[in-house]
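Asks: Dropping in structure.tsv, with TSV, C-alpha atoms.
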chain	number	residue	atom	x	y	z
A	16	MET	CA	213.07	120.42	-5.77
A	17	PRO	CA	214.60	123.59	-4.37
A	18	ARG	CA	212.16	126.11	-2.99
A	19	ARG	CA	211.51	129.26	-4.97
A	20	SER	CA	213.19	132.39	-3.68
A	21	TYR	CA	212.43	136.07	-4.08
A	22	ASP	CA	216.13	136.48	-4.90
A	23	GLN	CA	216.22	139.83	-3.13
A	24	TYR	CA	219.04	140.95	-0.85
A	25	CYS	CA	216.60	141.93	1.88
A	26	ALA	CA	216.00	140.42	5.31
A	27	VAL	CA	212.22	140.54	4.85
A	28	ALA	CA	212.49	138.67	1.57
A	29	ARG	CA	214.84	136.10	3.11
A	30	ALA	CA	212.40	135.57	5.98
A	31	LEU	CA	209.53	135.09	3.56
A	32	ASP	CA	211.60	132.60	1.59
A	33	ALA	CA	211.45	130.42	4.72
A	34	VAL	CA	208.07	131.18	6.28
A	35	GLY	CA	206.01	132.85	3.56
A	36	ASP	CA	204.34	129.70	2.26
A	37	ARG	CA	200.76	128.88	3.23
A	38	TRP	CA	200.49	126.94	6.53
A	39	THR	CA	204.11	127.42	7.60
A	40	LEU	CA	203.49	130.00	10.32
A	41	LEU	CA	200.45	128.10	11.55
A	42	ILE	CA	202.64	125.02	11.97
A	43	VAL	CA	205.01	127.20	13.99
A	44	ARG	CA	202.02	128.33	16.08
A	45	GLU	CA	201.19	124.70	16.84
A	46	LEU	CA	204.77	123.75	17.73
A	47	LEU	CA	205.27	126.75	20.03
A	48	GLY	CA	203.25	124.74	22.55
A	49	GLY	CA	205.71	121.85	22.49
A	50	SER	CA	206.54	118.79	20.39
A	51	ARG	CA	203.65	117.29	18.39
A	52	ARG	CA	203.08	114.12	16.44
A	53	TYR	CA	202.14	114.40	12.78
A	54	THR	CA	198.60	113.24	13.53
A	55	ASP	CA	198.24	115.88	16.26
A	56	LEU	CA	199.37	118.61	13.88
A	57	HIS	CA	196.96	117.46	11.21
A	58	ALA	CA	194.06	117.39	13.70
A	59	ASP	CA	194.74	120.96	14.88
A	60	LEU	CA	195.27	122.41	11.39
A	61	PRO	CA	191.81	121.89	9.91
A	62	GLY	CA	191.83	122.38	6.17
A	63	VAL	CA	195.41	121.28	5.48
A	64	SER	CA	195.86	118.18	3.33
A	65	THR	CA	198.18	115.40	4.44
A	66	ASP	CA	200.40	115.96	1.40
A	67	MET	CA	200.65	119.70	2.06
A	68	LEU	CA	201.46	119.20	5.75
A	69	ALA	CA	204.16	116.65	4.96
A	70	SER	CA	205.67	118.95	2.33
A	71	ARG	CA	205.70	121.95	4.65
A	72	LEU	CA	207.32	119.97	7.46
A	73	LYS	CA	210.06	118.77	5.12
A	74	ASP	CA	210.70	122.35	3.98
A	75	MET	CA	210.81	123.55	7.57
A	76	GLU	CA	213.26	120.80	8.52
A	77	ARG	CA	215.50	121.76	5.65
A	78	ASP	CA	215.36	125.43	6.64
A	79	GLY	CA	216.30	124.66	10.23
A	80	LEU	CA	212.96	125.64	11.74
A	81	VAL	CA	211.85	122.22	13.00
A	82	ARG	CA	213.42	118.88	13.76
A	83	ARG	CA	211.96	115.38	13.78
A	84	ARG	CA	212.70	113.23	16.82
A	85	ARG	CA	211.76	109.70	17.87
A	86	LEU	CA	210.33	109.37	21.35
A	87	ALA	CA	211.87	106.87	23.75
A	88	PRO	CA	210.07	103.53	24.24
A	89	PRO	CA	207.35	102.57	24.93
A	90	GLY	CA	206.04	105.45	22.78
A	91	ALA	CA	208.63	105.20	20.01
A	92	ALA	CA	206.61	107.61	17.86
A	93	PHE	CA	208.11	110.46	15.87
A	94	VAL	CA	207.38	114.02	16.94
A	95	TYR	CA	208.17	117.41	15.46
A	96	GLU	CA	209.56	120.27	17.53
A	97	LEU	CA	210.85	123.75	16.92
A	98	THR	CA	214.54	124.51	16.79
A	99	PRO	CA	215.78	127.67	18.56
A	100	ARG	CA	215.51	129.45	15.21
A	101	GLY	CA	211.93	128.31	14.83
A	102	HIS	CA	211.05	129.29	18.38
A	103	ALA	CA	212.49	132.76	17.73
A	104	LEU	CA	209.43	133.38	15.52
A	105	LEU	CA	207.25	133.83	18.63
A	106	PRO	CA	207.51	137.67	18.65
A	107	ALA	CA	206.64	137.73	14.95
A	108	LEU	CA	203.53	135.64	15.52
A	109	ALA	CA	202.53	137.79	18.50
A	110	ALA	CA	202.85	140.91	16.34
A	111	LEU	CA	200.81	139.30	13.56
A	112	ALA	CA	198.11	138.36	16.08
A	113	ASP	CA	197.87	141.97	17.28
A	114	TRP	CA	197.82	143.23	13.70
A	115	GLY	CA	195.10	140.77	12.68
A	116	ALA	CA	192.90	141.28	15.75
A	117	PRO	CA	190.75	144.08	14.26
A	118	ALA	CA	189.77	141.75	11.39
A	119	LEU	CA	188.68	138.94	13.70
A	120	GLY	CA	185.22	140.22	14.58
A	121	GLU	CA	182.51	137.75	15.53
A	122	ARG	CA	183.21	134.07	15.08
A	123	ARG	CA	181.75	132.82	11.80
A	124	PRO	CA	179.81	129.53	11.63
A	125	THR	CA	182.56	128.06	9.44
A	126	ASP	CA	185.40	129.11	11.76
A	127	ALA	CA	187.25	126.30	13.51
A	128	VAL	CA	188.68	127.08	16.95
A	129	ARG	CA	191.11	125.44	19.35
A	130	ALA	CA	191.73	126.71	22.86
A	131	HIS	CA	195.50	126.96	22.45
A	132	TRP	CA	195.15	129.25	19.43
A	133	PHE	CA	194.66	132.07	21.94
A	134	ALA	CA	197.93	131.32	23.73
A	135	VAL	CA	200.27	133.47	21.62
A	136	PRO	CA	198.31	136.75	21.94
A	137	LEU	CA	197.62	136.00	25.63
A	138	LEU	CA	201.29	135.69	26.57
A	139	ALA	CA	201.93	139.43	26.79
A	140	ARG	CA	198.62	140.09	28.58
A	141	LEU	CA	199.27	137.47	31.24
A	142	ALA	CA	202.89	138.51	31.66
A	143	HIS	CA	201.64	142.03	32.41
A	144	HIS	CA	199.11	140.94	35.03
A	145	PHE	CA	201.05	138.06	36.58
A	146	GLY	CA	204.52	139.61	36.31
A	147	ALA	CA	207.32	140.20	38.78
A	148	ASP	CA	206.41	141.45	42.23
A	149	ALA	CA	207.98	144.43	43.98
A	150	ASP	CA	211.03	142.40	44.97
A	151	GLY	CA	211.66	141.33	41.41
A	152	ALA	CA	210.64	137.71	42.01
A	153	ASP	CA	208.03	136.03	39.86
A	154	ALA	CA	204.67	136.21	41.63
A	155	VAL	CA	203.05	133.59	39.40
A	156	ARG	CA	204.95	131.12	37.26
A	157	VAL	CA	202.26	128.95	35.68
A	158	VAL	CA	198.77	130.10	34.66
A	159	GLY	CA	196.23	127.56	33.46
A	160	ILE	CA	193.57	128.64	30.95
A	161	ALA	CA	190.36	126.58	30.68
A	162	LEU	CA	187.87	127.07	27.84
A	163	ASP	CA	185.03	124.87	26.63
A	164	GLU	CA	187.27	123.84	23.72
A	165	GLY	CA	190.13	122.68	25.95
A	166	GLU	CA	192.93	123.81	28.22
A	167	PHE	CA	196.44	125.16	27.89
A	168	HIS	CA	198.84	126.83	30.28
A	169	VAL	CA	201.27	129.70	30.16
A	170	VAL	CA	204.68	129.63	31.83
A	171	LEU	CA	206.05	132.99	32.92
A	172	GLY	CA	209.75	133.02	33.72
A	173	ALA	CA	213.01	134.87	33.38
A	174	ASP	CA	213.49	133.50	29.84
A	175	GLY	CA	210.23	135.06	28.69
A	176	PRO	CA	206.71	133.66	28.46
A	177	ALA	CA	205.94	130.33	26.82
A	178	TYR	CA	202.91	128.09	26.61
A	179	ALA	CA	202.06	124.41	26.45
A	180	ASP	CA	198.92	122.59	25.41
A	181	GLY	CA	196.82	120.83	28.03
A	182	PRO	CA	196.32	121.50	31.75
A	183	ALA	CA	199.26	122.30	34.00
A	184	GLU	CA	200.10	119.78	36.69
A	185	ARG	CA	200.45	122.42	39.40
A	186	PRO	CA	199.30	125.83	38.20
A	187	ASP	CA	199.86	128.86	40.38
A	188	ALA	CA	196.58	130.26	39.07
A	189	ARG	CA	193.76	129.00	36.87
A	190	LEU	CA	191.47	131.11	34.70
A	191	ARG	CA	188.14	129.75	33.47
A	192	MET	CA	186.27	131.69	30.76
A	193	ASP	CA	184.33	131.25	27.56
A	194	THR	CA	185.84	131.65	24.12
A	195	ALA	CA	184.44	135.13	23.50
A	196	THR	CA	185.92	136.40	26.77
A	197	CYS	CA	189.27	134.79	26.01
A	198	ALA	CA	189.32	136.52	22.63
A	199	ASP	CA	188.51	139.86	24.26
A	200	VAL	CA	191.38	139.46	26.74
A	201	ALA	CA	193.80	138.08	24.15
A	202	TYR	CA	193.21	140.97	21.77
A	203	ASP	CA	193.22	143.65	24.47
A	204	ARG	CA	189.52	144.47	24.35
A	205	LEU	CA	189.01	143.46	28.00
A	206	SER	CA	191.47	143.66	30.86
A	207	LEU	CA	191.96	140.62	33.04
A	208	ALA	CA	190.98	142.65	36.12
A	209	ASP	CA	187.70	143.80	34.56
A	210	GLY	CA	186.93	140.30	33.35
A	211	ILE	CA	187.30	138.89	36.85
A	212	ALA	CA	185.41	141.77	38.48
A	213	SER	CA	182.49	141.31	36.08
A	214	GLY	CA	182.34	137.56	36.61
A	215	ARG	CA	183.24	136.71	33.02
A	216	ILE	CA	186.47	135.11	34.25
A	217	ALA	CA	186.73	132.77	37.24
A	218	LEU	CA	190.13	133.00	38.93
A	219	THR	CA	191.29	130.18	41.18
A	220	LEU	CA	194.50	130.13	43.23
A	221	PRO	CA	195.86	127.13	45.18
A	222	ALA	CA	194.06	128.37	48.32
A	223	GLY	CA	190.70	128.36	46.50
A	224	PRO	CA	188.47	130.67	44.46
A	225	VAL	CA	189.21	134.37	44.51
A	226	ASP	CA	186.24	136.74	44.64
A	227	GLU	CA	188.15	140.02	44.76
A	228	PRO	CA	188.99	141.77	41.47
A	229	LEU	CA	192.49	141.25	40.20
A	230	ASP	CA	194.43	144.50	40.36
A	231	GLY	CA	197.67	144.26	38.42
A	232	GLN	CA	199.30	141.31	40.16
A	233	VAL	CA	198.37	138.20	42.07
A	234	THR	CA	200.36	136.34	44.65
A	235	ALA	CA	199.74	132.71	45.48
Take the structure from the file and write it as C-alpha coordinates.

Replies:
Amino acid sequence: MPRRSYDQYCAVARALDAVGDRWTLLIVRELLGGSRRYTDLHADLPGVSTDMLASRLKDMERDGLVRRRRLAPPGAAFVYELTPRGHALLPALAALADWGAPALGERRPTDAVRAHWFAVPLLARLAHHFGADADGADAVRVVGIALDEGEFHVVLGADGPAYADGPAERPDARLRMDTATCADVAYDRLSLADGIASGRIALTLPAGPVDEPLDGQVTA
(Lines of atoms letter the chains of each structure in order from A and count residues from 1; the text may use other names and numbers.)
(Lines give C-alpha, C1' and ligand atoms only; values in the text may rest on other atoms or scores of the structure.)
Protein backbone atom coordinates (compact mmCIF):
# COMPACT_ATOMS: atom_id res chain seq x y z
CA MET A 1 0.00 0.00 0.00
CA PRO A 2 1.26 3.49 -0.74
CA ARG A 3 2.21 5.56 2.27
CA ARG A 4 -0.06 8.39 3.31
CA SER A 5 1.11 11.87 2.41
CA TYR A 6 0.34 15.28 3.83
CA ASP A 7 -0.19 16.38 0.21
CA GLN A 8 1.29 19.78 0.94
CA TYR A 9 3.70 21.58 -1.37
CA CYS A 10 6.13 22.23 1.48
CA ALA A 11 9.61 20.85 2.10
CA VAL A 12 8.83 20.18 5.77
CA ALA A 13 5.74 18.20 4.83
CA ARG A 14 7.68 16.25 2.18
CA ALA A 15 10.38 15.43 4.74
CA LEU A 16 7.77 14.24 7.22
CA ASP A 17 6.19 12.09 4.52
CA ALA A 18 9.47 10.12 4.55
CA VAL A 19 10.67 10.29 8.15
CA GLY A 20 7.65 11.34 10.22
CA ASP A 21 6.49 7.84 11.11
CA ARG A 22 7.21 6.38 14.54
CA TRP A 23 10.63 4.64 14.76
CA THR A 24 11.95 5.90 11.42
CA LEU A 25 14.39 8.48 12.79
CA LEU A 26 15.52 6.09 15.52
CA ILE A 27 16.37 3.54 12.82
CA VAL A 28 18.39 6.28 11.13
CA ARG A 29 20.13 6.92 14.47
CA GLU A 30 21.11 3.25 14.65
CA LEU A 31 22.37 3.10 11.07
CA LEU A 32 24.45 6.28 11.38
CA GLY A 33 26.95 4.07 13.21
CA GLY A 34 27.33 1.73 10.25
CA SER A 35 25.56 -1.23 8.64
CA ARG A 36 23.46 -3.40 10.97
CA ARG A 37 21.73 -6.74 10.73
CA TYR A 38 18.00 -6.88 11.34
CA THR A 39 18.54 -8.68 14.64
CA ASP A 40 21.00 -6.00 15.77
CA LEU A 41 18.51 -3.26 14.96
CA HIS A 42 15.76 -5.04 16.83
CA ALA A 43 17.99 -5.52 19.89
CA ASP A 44 18.92 -1.82 20.03
CA LEU A 45 15.39 -0.52 19.46
CA PRO A 46 13.67 -1.82 22.59
CA GLY A 47 9.92 -1.57 22.29
CA VAL A 48 9.62 -1.98 18.52
CA SER A 49 7.78 -5.05 17.27
CA THR A 50 9.30 -7.24 14.57
CA ASP A 51 6.43 -6.44 12.22
CA MET A 52 6.80 -2.69 12.76
CA LEU A 53 10.57 -2.78 12.23
CA ALA A 54 10.22 -4.79 9.03
CA SER A 55 7.55 -2.40 7.75
CA ARG A 56 9.61 0.69 8.52
CA LEU A 57 12.69 -0.75 6.83
CA LYS A 58 10.70 -1.52 3.69
CA ASP A 59 9.32 2.04 3.65
CA MET A 60 12.81 3.46 4.13
CA GLU A 61 14.18 1.32 1.30
CA ARG A 62 11.44 2.53 -0.99
CA ASP A 63 12.10 6.15 -0.04
CA GLY A 64 15.81 5.81 -0.75
CA LEU A 65 16.96 6.20 2.85
CA VAL A 66 18.39 2.71 3.39
CA ARG A 67 19.55 -0.18 1.28
CA ARG A 68 19.74 -3.90 2.04
CA ARG A 69 22.99 -5.66 1.20
CA ARG A 70 24.25 -9.23 1.54
CA LEU A 71 27.62 -9.62 3.21
CA ALA A 72 30.33 -11.61 1.46
CA PRO A 73 30.94 -15.20 2.62
CA PRO A 74 31.47 -16.63 5.16
CA GLY A 75 28.99 -14.22 6.78
CA ALA A 76 26.48 -14.12 3.93
CA ALA A 77 23.97 -12.31 6.16
CA PHE A 78 21.90 -9.34 5.05
CA VAL A 79 22.60 -5.94 6.55
CA TYR A 80 20.92 -2.57 6.29
CA GLU A 81 22.86 0.64 5.70
CA LEU A 82 22.07 4.26 5.04
CA THR A 83 22.20 5.74 1.58
CA PRO A 84 23.80 9.18 1.15
CA ARG A 85 20.30 10.66 1.43
CA GLY A 86 19.72 8.80 4.67
CA HIS A 87 23.09 9.81 6.07
CA ALA A 88 22.28 13.45 5.27
CA LEU A 89 19.78 13.30 8.15
CA LEU A 90 22.65 13.50 10.68
CA PRO A 91 22.37 17.31 11.17
CA ALA A 92 18.62 16.97 11.66
CA LEU A 93 19.10 14.33 14.36
CA ALA A 94 21.80 16.43 16.04
CA ALA A 95 19.42 19.40 16.11
CA LEU A 96 16.62 17.24 17.53
CA ALA A 97 18.98 15.94 20.23
CA ASP A 98 19.85 19.50 21.28
CA TRP A 99 16.19 20.49 21.22
CA GLY A 100 15.15 17.48 23.30
CA ALA A 101 17.97 17.73 25.85
CA PRO A 102 16.08 19.95 28.34
CA ALA A 103 13.34 17.29 28.56
CA LEU A 104 15.77 14.47 29.31
CA GLY A 105 16.25 15.09 33.03
CA GLU A 106 17.18 12.18 35.29
CA ARG A 107 17.09 8.70 33.85
CA ARG A 108 13.81 6.98 34.71
CA PRO A 109 13.74 3.36 35.95
CA THR A 110 11.92 2.34 32.76
CA ASP A 111 14.38 4.08 30.42
CA ALA A 112 16.50 1.81 28.24
CA VAL A 113 19.97 3.08 27.34
CA ARG A 114 22.69 2.12 24.88
CA ALA A 115 26.13 3.70 24.87
CA HIS A 116 26.02 4.68 21.20
CA TRP A 117 22.80 6.66 21.69
CA PHE A 118 25.02 9.48 22.96
CA ALA A 119 27.14 9.51 19.80
CA VAL A 120 25.06 11.95 17.72
CA PRO A 121 24.94 14.78 20.29
CA LEU A 122 28.61 14.14 21.19
CA LEU A 123 29.88 14.64 17.64
CA ALA A 124 29.85 18.43 17.76
CA ARG A 125 31.29 18.54 21.30
CA LEU A 126 34.20 16.27 20.42
CA ALA A 127 34.84 18.04 17.12
CA HIS A 128 35.19 21.28 19.10
CA HIS A 129 37.67 19.87 21.61
CA PHE A 130 39.61 17.54 19.31
CA GLY A 131 39.51 19.73 16.20
CA ALA A 132 42.14 21.03 13.83
CA ASP A 133 45.39 22.29 15.30
CA ALA A 134 47.01 25.63 14.51
CA ASP A 135 48.42 24.32 11.24
CA GLY A 136 45.02 23.18 10.07
CA ALA A 137 45.83 19.47 10.42
CA ASP A 138 43.61 17.17 12.43
CA ALA A 139 45.08 16.78 15.92
CA VAL A 140 42.94 13.75 16.78
CA ARG A 141 41.18 11.58 14.24
CA VAL A 142 39.56 8.82 16.28
CA VAL A 143 38.16 9.18 19.81
CA GLY A 144 36.96 6.11 21.68
CA ILE A 145 34.16 6.47 24.24
CA ALA A 146 33.79 3.81 26.95
CA LEU A 147 30.72 3.60 29.19
CA ASP A 148 29.47 0.81 31.43
CA GLU A 149 26.84 0.07 28.75
CA GLY A 150 29.39 -0.36 25.96
CA GLU A 151 31.79 1.45 23.67
CA PHE A 152 31.64 3.45 20.46
CA HIS A 153 34.09 5.72 18.68
CA VAL A 154 33.93 9.00 16.85
CA VAL A 155 35.88 9.73 13.67
CA LEU A 156 36.80 13.36 13.09
CA GLY A 157 37.91 14.17 9.57
CA ALA A 158 37.70 16.61 6.71
CA ASP A 159 34.33 15.14 5.63
CA GLY A 160 32.79 15.94 8.99
CA PRO A 161 32.38 13.86 12.14
CA ALA A 162 30.96 10.35 12.09
CA TYR A 163 30.68 7.53 14.59
CA ALA A 164 30.75 3.75 14.69
CA ASP A 165 29.60 1.28 17.31
CA GLY A 166 32.17 -0.69 19.27
CA PRO A 167 35.77 0.10 20.26
CA ALA A 168 38.18 1.62 17.76
CA GLU A 169 41.13 -0.51 16.71
CA ARG A 170 43.64 2.31 17.16
CA PRO A 171 42.07 5.34 18.81
CA ASP A 172 44.03 8.56 19.08
CA ALA A 173 42.35 9.18 22.42
CA ARG A 174 40.03 7.24 24.71
CA LEU A 175 37.51 8.71 27.14
CA ARG A 176 36.12 6.64 30.00
CA MET A 177 33.11 7.98 31.94
CA ASP A 178 29.80 6.97 33.44
CA THR A 179 26.48 7.44 31.70
CA ALA A 180 25.46 10.53 33.67
CA THR A 181 28.73 12.27 32.80
CA CYS A 182 28.39 11.32 29.15
CA ALA A 183 24.89 12.80 29.10
CA ASP A 184 26.17 16.01 30.69
CA VAL A 185 28.90 16.35 28.05
CA ALA A 186 26.65 15.32 25.18
CA TYR A 187 24.00 17.88 26.08
CA ASP A 188 26.46 20.67 26.85
CA ARG A 189 25.97 20.72 30.61
CA LEU A 190 29.63 19.86 31.27
CA SER A 191 32.67 20.74 29.19
CA LEU A 192 35.12 18.00 28.34
CA ALA A 193 37.93 19.99 29.99
CA ASP A 194 36.01 20.35 33.25
CA GLY A 195 35.03 16.70 33.21
CA ILE A 196 38.66 15.62 32.93
CA ALA A 197 39.87 18.16 35.48
CA SER A 198 37.29 16.97 38.01
CA GLY A 199 38.11 13.31 37.49
CA ARG A 200 34.69 12.44 36.09
CA ILE A 201 36.31 11.60 32.75
CA ALA A 202 39.49 9.55 32.34
CA LEU A 203 41.44 10.56 29.22
CA THR A 204 44.00 8.18 27.77
CA LEU A 205 46.31 8.91 24.83
CA PRO A 206 48.61 6.37 23.11
CA ALA A 207 51.47 7.42 25.42
CA GLY A 208 49.38 6.62 28.52
CA PRO A 209 46.98 8.30 30.95
CA VAL A 210 46.79 12.07 30.94
CA ASP A 211 46.48 13.80 34.31
CA GLU A 212 46.49 17.40 33.10
CA PRO A 213 43.15 19.07 32.29
CA LEU A 214 42.23 19.18 28.65
CA ASP A 215 42.28 22.76 27.39
CA GLY A 216 40.64 23.04 24.00
CA GLN A 217 42.75 20.60 22.00
CA VAL A 218 44.82 17.50 22.50
CA THR A 219 47.71 16.24 20.45
CA ALA A 220 48.77 12.62 20.43

Asks: What are the nearest atom pairs, with distances in Å to one decimal, for all residues of segment 86-145 of chain A that come at most 12 Å from segment 23-32 of chain A, using all atoms listed in the file, set out by chain and rising residue number as a Markdown table?

Replies:
| residue | atom | partner | partner_atom | distance |
| --- | --- | --- | --- | --- |
| A:Arg100 | CA | A:Ala30 | CA | 11.5 |
| A:Gly101 | CA | A:Ala30 | CA | 11.5 |
| A:Leu104 | CA | A:Ala30 | CA | 10.2 |
| A:Ala107 | CA | A:Ala30 | CA | 10.9 |

Asks: Using all atoms listed in the file, which residue out of A:Leu141, A:Leu47, A:Val170, A:Ile42 lies closest to Ala103 of chain A?

Replies: A:Leu47

Asks: Please provide the set of residues having any atom within 8 Å of Leu72 of chain A, restricted to all atoms listed in the file, with same-chain residues fewer than 4 positions apart removed, written as a ChimeraX atom specification.

Replies: /A:68,76,81

Asks: Put those residues in a file: C-alpha atoms, as a PDB file, in the frame of the given file.

Replies:
ATOM      1  CA  LEU A  68     201.460 119.200   5.750  1.00  0.00           C
ATOM      2  CA  GLU A  76     213.260 120.800   8.520  1.00  0.00           C
ATOM      3  CA  VAL A  81     211.850 122.220  13.000  1.00  0.00           C
TER       4      VAL A  81
END

Asks: If you measure from atom CA of Asp74 of chain A to atom CA of Leu56 of chain A, what distance in Å do you get, rounded to one decimal?

Replies: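 According to the coordinates, atom CA of Asp74 of chain A and atom CA of Leu56 of chain A are separated by 15.5 Å.
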
Asks: Separation of atom CA of Arg83 of chain A and atom CA of Tyr95 of chain A, in Å?

Replies: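 For atom CA of Arg83 of chain A relative to atom CA of Tyr95 of chain A, the distance reads 4.6 Å.
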
Asks: If we count all atoms listed in the file and set the cut-off at 10 Å, which residues sit around segment 112-118 of chain A, ignoring sequence neighbours fewer than 6 positions away in its own chain? Please answer as an MDAnalysis selection string.

Replies: chainID A and resid 106 133 135:137 198:199 201:204

Asks: To one decimal place, how far is atom CA of Val43 of chain A from atom CA of Leu97 of chain A in Å?

Replies: 7.4 Å

Asks: Can you tell me, as an MDAnalysis selection string, which residues sit within 7 Å of (203.4, 113.1, 13.2) in the file's frame, using all atoms listed in the file?

Replies: chainID A and resid 51:56 93:95

Asks: Skipping near chain neighbours, those fewer than 2 positions away, what residues fall within 12 Å of Asp180 of chain A using all atoms listed in the file, listed as a count of residues only?

Replies: 33

Asks: Nearest to Gly35 of chain A among A:Ala92, A:Ala195, A:Met75, A:Ile216, with distances taken over all atoms listed in the file: which residue is it?

Replies: A:Met75
